[in-house]
Amino acid sequence: MTNEEPISITSAQPSLSEDQSGRARRYFISMMVRTACFILTVILPSPYRWVALSGALLLPYVAVIVANAGRETIKKSTVFFDEDQKAISDGKTD
């Protein structure tokens, strides 16, 4: 009854070096797709040429957004202010 997959007992994020290598990999793949779009712009006939060209022009923006996604320090489950909380008072009214 041994389980080969280790059990995680922490919610720690991956190391910074792992995170950076993953971002670099995603950015590299996006730029290779952009290069393919530029090559297809030259090779393809007119209607498809414009689709490839628009992909080549939009991919840098998308690649940066995708590569920078992740490694947020504030988790969505973090609550900064609870609107339902009542203020502590000493019972006196003004």
# chains A, B, ... in the order shown; residues from 1 in each chain; ligands from 1
call {"tool": "residues_around", "arguments": {"residues": "segment 28-44 of chain A", "least_positions_apart": "5", "cutoff": "6 Å", "atoms": "only C-alpha atoms", "output": "ChimeraX atom specification"}}
result
/A:49,52-53,56,63
call {"tool": "write_last_selection", "arguments": {"atoms": "N, CA and C atoms", "output": "short mmCIF file (atom, residue, chain, number, x, y, z; two decimals), in the first residue's frame"}}
result
data_model
loop_
_atom_site.label_atom_id
_atom_site.label_comp_id
_atom_site.auth_asym_id
_atom_site.auth_seq_id
_atom_site.Cartn_x
_atom_site.Cartn_y
_atom_site.Cartn_z
N ARG A 49 -2.50 34.68 -45.22
CA ARG A 49 -1.33 35.51 -44.94
C ARG A 49 -1.65 36.54 -43.86
N ALA A 52 -1.83 34.98 -40.39
CA ALA A 52 -0.48 34.71 -39.88
C ALA A 52 0.22 36.00 -39.46
N LEU A 53 0.05 37.06 -40.25
CA LEU A 53 0.67 38.33 -39.91
C LEU A 53 0.09 38.91 -38.62
N ALA A 56 1.57 37.09 -35.79
CA ALA A 56 2.95 37.50 -35.54
C ALA A 56 3.02 38.85 -34.84
N ALA A 63 2.73 36.83 -25.35
CA ALA A 63 3.85 36.09 -24.77
C ALA A 63 4.33 36.73 -23.48
#
call {"tool": "atom_distance", "arguments": {"atom1": "atom CA of Gln20 of chain A", "atom2": "atom CA of Glu4 of chain A"}}
result
27.4 Å
call {"tool": "closest_residue", "arguments": {"among": "A:Ala67, A:Val51, A:Pro45, A:Leu58", "to": "Ser21 of chain A", "atoms": "only C-alpha atoms"}}
result
A:Ala67
